[in-house]
file work.cif (mmCIF, N, CA and C atoms)
data_work
#
loop_
_atom_site.label_atom_id
_atom_site.label_comp_id
_atom_site.auth_asym_id
_atom_site.auth_seq_id
_atom_site.Cartn_x
_atom_site.Cartn_y
_atom_site.Cartn_z
N MET A 259 16.65 3.09 -8.99
CA MET A 259 15.75 3.57 -10.01
C MET A 259 14.42 2.84 -9.84
N LYS A 260 13.33 3.55 -9.96
CA LYS A 260 11.99 2.97 -9.85
C LYS A 260 11.47 2.68 -11.26
N ILE A 261 11.18 1.39 -11.53
CA ILE A 261 10.82 0.94 -12.87
C ILE A 261 9.47 0.23 -12.85
N LEU A 262 8.65 0.53 -13.85
CA LEU A 262 7.42 -0.22 -14.09
C LEU A 262 7.65 -1.07 -15.34
N LEU A 263 7.44 -2.37 -15.22
CA LEU A 263 7.66 -3.32 -16.31
C LEU A 263 6.34 -3.98 -16.66
N THR A 264 5.89 -3.83 -17.90
CA THR A 264 4.70 -4.55 -18.34
C THR A 264 5.11 -5.86 -18.98
N GLY A 265 4.19 -6.82 -18.95
CA GLY A 265 4.49 -8.12 -19.54
C GLY A 265 5.40 -8.97 -18.67
N CYS A 266 5.30 -8.81 -17.37
CA CYS A 266 6.23 -9.48 -16.45
C CYS A 266 6.04 -10.99 -16.37
N ARG A 267 4.96 -11.52 -16.92
CA ARG A 267 4.75 -12.97 -16.91
C ARG A 267 5.18 -13.63 -18.21
N GLY A 268 5.56 -12.84 -19.19
CA GLY A 268 6.05 -13.39 -20.45
C GLY A 268 7.52 -13.74 -20.36
N PHE A 269 8.03 -14.34 -21.40
CA PHE A 269 9.43 -14.80 -21.41
C PHE A 269 10.41 -13.65 -21.20
N ILE A 270 10.29 -12.61 -22.00
CA ILE A 270 11.22 -11.47 -21.89
C ILE A 270 11.00 -10.74 -20.58
N GLY A 271 9.74 -10.48 -20.24
CA GLY A 271 9.42 -9.75 -19.01
C GLY A 271 9.91 -10.45 -17.76
N GLN A 272 9.75 -11.77 -17.69
CA GLN A 272 10.23 -12.53 -16.52
C GLN A 272 11.73 -12.41 -16.37
N ASN A 273 12.44 -12.52 -17.46
CA ASN A 273 13.90 -12.44 -17.40
C ASN A 273 14.38 -11.04 -17.05
N MET A 274 13.72 -10.02 -17.58
CA MET A 274 14.08 -8.65 -17.22
C MET A 274 13.80 -8.40 -15.74
N PHE A 275 12.63 -8.83 -15.28
CA PHE A 275 12.27 -8.64 -13.88
C PHE A 275 13.30 -9.31 -12.96
N ASN A 276 13.63 -10.55 -13.25
CA ASN A 276 14.59 -11.28 -12.42
C ASN A 276 15.99 -10.67 -12.45
N ALA A 277 16.38 -10.12 -13.59
CA ALA A 277 17.70 -9.51 -13.71
C ALA A 277 17.78 -8.18 -12.95
N TRP A 278 16.67 -7.46 -12.87
CA TRP A 278 16.68 -6.12 -12.27
C TRP A 278 16.17 -6.06 -10.84
N LYS A 279 15.52 -7.11 -10.35
CA LYS A 279 14.83 -7.02 -9.05
C LYS A 279 15.77 -6.76 -7.87
N ASP A 280 17.01 -7.19 -7.94
CA ASP A 280 17.94 -6.97 -6.84
C ASP A 280 18.66 -5.63 -6.94
N VAL A 281 18.58 -4.99 -8.09
CA VAL A 281 19.31 -3.75 -8.33
C VAL A 281 18.40 -2.53 -8.30
N HIS A 282 17.15 -2.70 -8.75
CA HIS A 282 16.22 -1.58 -8.87
C HIS A 282 14.92 -1.85 -8.13
N ASN A 283 14.18 -0.80 -7.86
CA ASN A 283 12.85 -0.90 -7.30
C ASN A 283 11.90 -1.12 -8.48
N ILE A 284 11.57 -2.38 -8.75
CA ILE A 284 10.81 -2.71 -9.96
C ILE A 284 9.44 -3.26 -9.61
N THR A 285 8.45 -2.79 -10.34
CA THR A 285 7.08 -3.28 -10.23
C THR A 285 6.71 -3.92 -11.55
N GLY A 286 6.25 -5.15 -11.50
CA GLY A 286 5.84 -5.85 -12.72
C GLY A 286 4.34 -5.97 -12.80
N ILE A 287 3.78 -5.66 -13.97
CA ILE A 287 2.34 -5.83 -14.19
C ILE A 287 2.13 -6.61 -15.48
N ASP A 288 0.95 -7.20 -15.58
CA ASP A 288 0.58 -7.90 -16.79
C ASP A 288 -0.78 -7.39 -17.24
N ILE A 289 -1.26 -7.87 -18.34
CA ILE A 289 -2.46 -7.32 -18.98
C ILE A 289 -3.67 -7.33 -18.05
N ASP A 290 -3.77 -8.30 -17.17
CA ASP A 290 -4.92 -8.39 -16.28
C ASP A 290 -4.81 -7.48 -15.06
N ASP A 291 -3.66 -6.90 -14.83
CA ASP A 291 -3.44 -6.03 -13.67
C ASP A 291 -3.83 -4.59 -14.02
N GLU A 292 -4.25 -3.86 -13.00
CA GLU A 292 -4.57 -2.45 -13.18
C GLU A 292 -3.27 -1.66 -13.35
N ILE A 293 -3.29 -0.71 -14.28
CA ILE A 293 -2.11 0.13 -14.49
C ILE A 293 -2.03 1.14 -13.34
N PRO A 294 -0.94 1.14 -12.60
CA PRO A 294 -0.83 2.09 -11.50
C PRO A 294 -0.54 3.50 -12.02
N SER A 295 -0.65 4.46 -11.14
CA SER A 295 -0.26 5.82 -11.50
C SER A 295 1.23 5.80 -11.83
N LEU A 296 1.59 6.43 -12.92
CA LEU A 296 2.99 6.42 -13.33
C LEU A 296 3.82 7.49 -12.63
N TYR A 297 3.15 8.29 -11.79
CA TYR A 297 3.85 9.33 -11.05
C TYR A 297 4.90 8.67 -10.14
N GLY A 298 6.11 9.14 -10.22
CA GLY A 298 7.18 8.65 -9.37
C GLY A 298 8.05 7.58 -10.01
N TYR A 299 7.61 7.04 -11.13
CA TYR A 299 8.45 6.06 -11.83
C TYR A 299 9.49 6.79 -12.66
N ASP A 300 10.69 6.27 -12.66
CA ASP A 300 11.76 6.83 -13.47
C ASP A 300 11.75 6.27 -14.89
N LEU A 301 11.21 5.07 -15.04
CA LEU A 301 11.25 4.39 -16.32
C LEU A 301 10.07 3.44 -16.45
N VAL A 302 9.46 3.41 -17.63
CA VAL A 302 8.43 2.42 -17.94
C VAL A 302 8.96 1.59 -19.11
N VAL A 303 9.03 0.28 -18.90
CA VAL A 303 9.48 -0.63 -19.94
C VAL A 303 8.28 -1.48 -20.33
N HIS A 304 7.85 -1.32 -21.57
CA HIS A 304 6.63 -1.99 -22.04
C HIS A 304 7.01 -3.12 -22.99
N VAL A 305 7.00 -4.35 -22.47
CA VAL A 305 7.31 -5.51 -23.29
C VAL A 305 6.13 -6.48 -23.35
N GLY A 306 4.98 -6.05 -22.85
CA GLY A 306 3.79 -6.89 -22.87
C GLY A 306 3.14 -6.90 -24.24
N GLY A 307 2.51 -7.99 -24.56
CA GLY A 307 1.78 -8.09 -25.83
C GLY A 307 1.79 -9.52 -26.33
N ILE A 308 1.01 -9.76 -27.36
CA ILE A 308 0.97 -11.08 -27.98
C ILE A 308 2.00 -11.10 -29.11
N SER A 309 2.95 -12.00 -29.01
CA SER A 309 4.00 -12.07 -30.02
C SER A 309 3.81 -13.24 -30.98
N SER A 310 2.77 -14.02 -30.76
CA SER A 310 2.52 -15.17 -31.62
C SER A 310 2.25 -14.73 -33.06
N THR A 311 2.95 -15.32 -33.99
CA THR A 311 2.75 -14.99 -35.39
C THR A 311 1.61 -15.79 -36.03
N ILE A 312 1.01 -16.70 -35.26
CA ILE A 312 -0.09 -17.49 -35.80
C ILE A 312 -1.44 -17.13 -35.16
N GLU A 313 -1.46 -16.10 -34.32
CA GLU A 313 -2.73 -15.65 -33.71
C GLU A 313 -3.62 -15.09 -34.81
N ARG A 314 -4.85 -15.59 -34.90
CA ARG A 314 -5.77 -15.18 -35.95
C ARG A 314 -6.86 -14.23 -35.47
N ASP A 315 -7.02 -14.10 -34.16
CA ASP A 315 -8.07 -13.24 -33.61
C ASP A 315 -7.58 -11.79 -33.61
N VAL A 316 -7.99 -11.04 -34.62
CA VAL A 316 -7.54 -9.66 -34.80
C VAL A 316 -8.00 -8.78 -33.65
N THR A 317 -9.22 -8.99 -33.16
CA THR A 317 -9.73 -8.21 -32.04
C THR A 317 -8.86 -8.41 -30.80
N LYS A 318 -8.48 -9.64 -30.56
CA LYS A 318 -7.61 -9.95 -29.41
C LYS A 318 -6.25 -9.28 -29.58
N LEU A 319 -5.69 -9.36 -30.77
CA LEU A 319 -4.40 -8.72 -31.03
C LEU A 319 -4.47 -7.21 -30.83
N LEU A 320 -5.53 -6.59 -31.34
CA LEU A 320 -5.69 -5.15 -31.17
C LEU A 320 -5.82 -4.77 -29.70
N TYR A 321 -6.58 -5.56 -28.95
CA TYR A 321 -6.76 -5.26 -27.53
C TYR A 321 -5.45 -5.36 -26.76
N TYR A 322 -4.77 -6.48 -26.92
CA TYR A 322 -3.54 -6.71 -26.15
C TYR A 322 -2.35 -5.89 -26.63
N ASN A 323 -2.23 -5.66 -27.92
CA ASN A 323 -1.04 -5.01 -28.45
C ASN A 323 -1.20 -3.52 -28.72
N VAL A 324 -2.39 -3.07 -29.03
CA VAL A 324 -2.59 -1.66 -29.37
C VAL A 324 -3.32 -0.90 -28.25
N ASP A 325 -4.50 -1.40 -27.89
CA ASP A 325 -5.30 -0.69 -26.88
C ASP A 325 -4.57 -0.56 -25.54
N TYR A 326 -3.89 -1.62 -25.14
CA TYR A 326 -3.16 -1.58 -23.86
C TYR A 326 -2.02 -0.57 -23.92
N THR A 327 -1.34 -0.49 -25.03
CA THR A 327 -0.25 0.48 -25.21
C THR A 327 -0.79 1.91 -25.15
N ILE A 328 -1.92 2.13 -25.78
CA ILE A 328 -2.55 3.47 -25.75
C ILE A 328 -2.98 3.80 -24.32
N LYS A 329 -3.58 2.84 -23.62
CA LYS A 329 -4.00 3.07 -22.24
C LYS A 329 -2.80 3.39 -21.35
N LEU A 330 -1.71 2.70 -21.56
CA LEU A 330 -0.49 2.94 -20.79
C LEU A 330 0.08 4.32 -21.07
N ALA A 331 0.05 4.74 -22.33
CA ALA A 331 0.59 6.05 -22.71
C ALA A 331 -0.23 7.20 -22.13
N LYS A 332 -1.53 6.99 -22.00
CA LYS A 332 -2.38 8.05 -21.45
C LYS A 332 -2.09 8.22 -19.99
#
call {"tool": "encode", "arguments": {"input": "work.cif", "output": "structure tokens"}}
result
Amino acid sequence: MKILLTGCRGFIGQNMFNAWKDVHNITGIDIDDEIPSLYGYDLVVHVGGISSTIERDVTKLLYYNVDYTIKLAK
């Protein structure tokens, strides 16, 4: 199965990537990476984002958690 995983440098993303890398054709990207064409992927797993409950920068939260998700969906 060909999988695109976002948030591959975070805690959850790293563990998912390591668990699946020997079984599936997996590509990991993070917020600073360009989103590849999703054509040909069987599954997109989006676990990227800021999970800190003490982050106060609303603009940063919107960019990383909302705008990136919308960009990925398009």
call {"tool": "select_by_dssp", "arguments": {"input": "work.cif", "residues": "chain A", "states": "alpha helix (DSSP H)", "output": "list of chain:residue names"}}
result
A:Phe269, A:Ile270, A:Gly271, A:Gln272, A:Asn273, A:Met274, A:Phe275, A:Asn276, A:Ala277, A:Trp278, A:Val316, A:Thr317, A:Lys318, A:Leu319, A:Tyr326, A:Thr327, A:Ile328, A:Lys329, A:Leu330, A:Ala331
call {"tool": "closest_residue", "arguments": {"input": "work.cif", "among": "A:Asn323, A:Lys318, A:Lys260, A:Asn283", "to": "A:Gly306", "atoms": "only N, CA and C atoms"}}
result
A:Asn323
call {"tool": "resolve_selection", "arguments": {"input": "work.cif", "expression": "the PyMOL selection byres ((chain A and resi 294-302) around 6.5)", "output": "ChimeraX atom specification"}}
result
/A:259-264,292-293,303-304
call {"tool": "write_last_selection", "arguments": {"input": "work.cif", "atoms": "N, CA and C atoms", "output": "PDB file, in the coordinates of the input"}}
result
ATOM      1  N   MET A 259      16.650   3.090  -8.990  1.00  0.00           N
ATOM      2  CA  MET A 259      15.750   3.570 -10.010  1.00  0.00           C
ATOM      3  C   MET A 259      14.420   2.840  -9.840  1.00  0.00           C
ATOM      4  N   LYS A 260      13.330   3.550  -9.960  1.00  0.00           N
ATOM      5  CA  LYS A 260      11.990   2.970  -9.850  1.00  0.00           C
ATOM      6  C   LYS A 260      11.470   2.680 -11.260  1.00  0.00           C
ATOM      7  N   ILE A 261      11.180   1.390 -11.530  1.00  0.00           N
ATOM      8  CA  ILE A 261      10.820   0.940 -12.870  1.00  0.00           C
ATOM      9  C   ILE A 261       9.470   0.230 -12.850  1.00  0.00           C
ATOM     10  N   LEU A 262       8.650   0.530 -13.850  1.00  0.00           N
ATOM     11  CA  LEU A 262       7.420  -0.220 -14.090  1.00  0.00           C
ATOM     12  C   LEU A 262       7.650  -1.070 -15.340  1.00  0.00           C
ATOM     13  N   LEU A 263       7.440  -2.370 -15.220  1.00  0.00           N
ATOM     14  CA  LEU A 263       7.660  -3.320 -16.310  1.00  0.00           C
ATOM     15  C   LEU A 263       6.340  -3.980 -16.660  1.00  0.00           C
ATOM     16  N   THR A 264       5.890  -3.830 -17.900  1.00  0.00           N
ATOM     17  CA  THR A 264       4.700  -4.550 -18.340  1.00  0.00           C
ATOM     18  C   THR A 264       5.110  -5.860 -18.980  1.00  0.00           C
ATOM     19  N   GLU A 292      -4.250  -3.860 -13.000  1.00  0.00           N
ATOM     20  CA  GLU A 292      -4.570  -2.450 -13.180  1.00  0.00           C
ATOM     21  C   GLU A 292      -3.270  -1.660 -13.350  1.00  0.00           C
ATOM     22  N   ILE A 293      -3.290  -0.710 -14.280  1.00  0.00           N
ATOM     23  CA  ILE A 293      -2.110   0.130 -14.490  1.00  0.00           C
ATOM     24  C   ILE A 293      -2.030   1.140 -13.340  1.00  0.00           C
ATOM     25  N   VAL A 303       9.030   0.280 -18.900  1.00  0.00           N
ATOM     26  CA  VAL A 303       9.480  -0.630 -19.940  1.00  0.00           C
ATOM     27  C   VAL A 303       8.280  -1.480 -20.330  1.00  0.00           C
ATOM     28  N   HIS A 304       7.850  -1.320 -21.570  1.00  0.00           N
ATOM     29  CA  HIS A 304       6.630  -1.990 -22.040  1.00  0.00           C
ATOM     30  C   HIS A 304       7.010  -3.120 -22.990  1.00  0.00           C
TER      31      HIS A 304
END
call {"tool": "axis_aligned_box", "arguments": {"input": "work.cif", "around": "stretch 310-320 of chain A", "padding_each_side": "5 Å", "output": "JSON"}}
result
{"center_x": -3.4, "center_y": -11.1, "center_z": -32.7, "size_x": 22.7, "size_y": 22.7, "size_z": 16.6}
call {"tool": "select_by_dssp", "arguments": {"input": "work.cif", "residues": "stretch 262-308 of chain A", "states": "strand (DSSP E)", "output": "MDAnalysis selection string"}}
result
chainID A and resid 262:264 283:287 301:304
call {"tool": "atom_distance", "arguments": {"input": "work.cif", "atom1": "atom CA of A:Lys279", "atom2": "atom CA of A:Leu319"}}
result
29.3 Å
call {"tool": "atom_distance", "arguments": {"input": "work.cif", "atom1": "atom CA of A:Ser309", "atom2": "atom N of A:Tyr321"}}
result
12.5 Å
call {"tool": "atom_distance", "arguments": {"input": "work.cif", "atom1": "atom CA of A:Gln272", "atom2": "atom N of A:Ile287"}}
result
9.8 Å
call {"tool": "decode", "arguments": {"input": "work.cif", "residues": "chain A", "atoms": "C-alpha atoms", "output": "tab-separated table (two decimals), in the first residue's frame"}}
result
chain	number	residue	atom	x	y	z
A	259	MET	CA	0.00	0.00	0.00
A	260	LYS	CA	1.32	3.47	-0.86
A	261	ILE	CA	0.88	5.85	2.09
A	262	LEU	CA	1.55	9.55	2.61
A	263	LEU	CA	2.11	10.43	6.28
A	264	THR	CA	2.17	14.03	7.48
A	265	GLY	CA	3.85	14.98	10.73
A	266	CYS	CA	6.56	12.35	10.34
A	267	ARG	CA	8.96	14.19	12.66
A	268	GLY	CA	6.52	14.35	15.57
A	269	PHE	CA	6.12	11.70	18.25
A	270	ILE	CA	3.11	9.93	16.72
A	271	GLY	CA	4.30	10.37	13.13
A	272	GLN	CA	7.77	8.95	13.84
A	273	ASN	CA	6.32	5.87	15.49
A	274	MET	CA	3.79	5.30	12.71
A	275	PHE	CA	6.49	5.73	10.06
A	276	ASN	CA	8.82	3.28	11.79
A	277	ALA	CA	6.05	0.73	12.30
A	278	TRP	CA	4.92	0.84	8.65
A	279	LYS	CA	8.16	1.43	6.72
A	280	ASP	CA	9.00	-2.27	6.30
A	281	VAL	CA	5.46	-3.27	5.34
A	282	HIS	CA	4.24	-0.40	3.15
A	283	ASN	CA	5.57	2.08	0.61
A	284	ILE	CA	5.41	5.10	2.91
A	285	THR	CA	6.41	8.70	2.30
A	286	GLY	CA	6.72	11.00	5.30
A	287	ILE	CA	6.43	14.78	5.08
A	288	ASP	CA	6.44	17.55	7.63
A	289	ILE	CA	5.16	21.13	7.60
A	290	ASP	CA	8.29	22.50	5.91
A	291	ASP	CA	8.15	19.95	3.07
A	292	GLU	CA	6.25	20.49	-0.16
A	293	ILE	CA	3.05	18.48	-0.43
A	294	PRO	CA	3.50	16.01	-3.28
A	295	SER	CA	0.80	15.15	-5.77
A	296	LEU	CA	-1.57	12.77	-4.04
A	297	TYR	CA	-2.18	10.88	-7.27
A	298	GLY	CA	-1.25	7.24	-6.77
A	299	TYR	CA	-1.43	7.21	-2.99
A	300	ASP	CA	-3.80	4.68	-1.47
A	301	LEU	CA	-3.99	6.43	1.89
A	302	VAL	CA	-3.15	9.82	3.41
A	303	VAL	CA	-2.65	9.85	7.18
A	304	HIS	CA	-2.56	13.39	8.55
A	305	VAL	CA	-1.14	13.53	12.07
A	306	GLY	CA	0.85	16.75	11.68
A	307	GLY	CA	0.05	19.82	13.74
A	308	ILE	CA	0.80	21.63	16.96
A	309	SER	CA	-0.57	19.67	19.89
A	310	SER	CA	0.78	21.91	22.65
A	311	THR	CA	-2.01	23.08	24.92
A	312	ILE	CA	0.03	26.08	26.07
A	313	GLU	CA	0.77	27.58	22.62
A	314	ARG	CA	-0.46	31.18	22.70
A	315	ASP	CA	0.31	32.27	19.13
A	316	VAL	CA	-3.10	31.90	17.46
A	317	THR	CA	-1.72	32.77	14.01
A	318	LYS	CA	0.85	30.00	14.31
A	319	LEU	CA	-1.80	27.51	15.45
A	320	LEU	CA	-4.09	28.44	12.56
A	321	TYR	CA	-1.27	28.10	10.04
A	322	TYR	CA	0.01	24.73	11.25
A	323	ASN	CA	-3.29	23.12	12.25
A	324	VAL	CA	-5.91	24.60	9.92
A	325	ASP	CA	-4.28	26.10	6.83
A	326	TYR	CA	-2.03	23.08	6.27
A	327	THR	CA	-5.00	20.71	6.55
A	328	ILE	CA	-6.95	22.76	4.01
A	329	LYS	CA	-3.93	22.84	1.66
A	330	LEU	CA	-3.59	19.07	1.97
A	331	ALA	CA	-7.29	18.51	1.27
A	332	LYS	CA	-7.17	20.61	-1.89
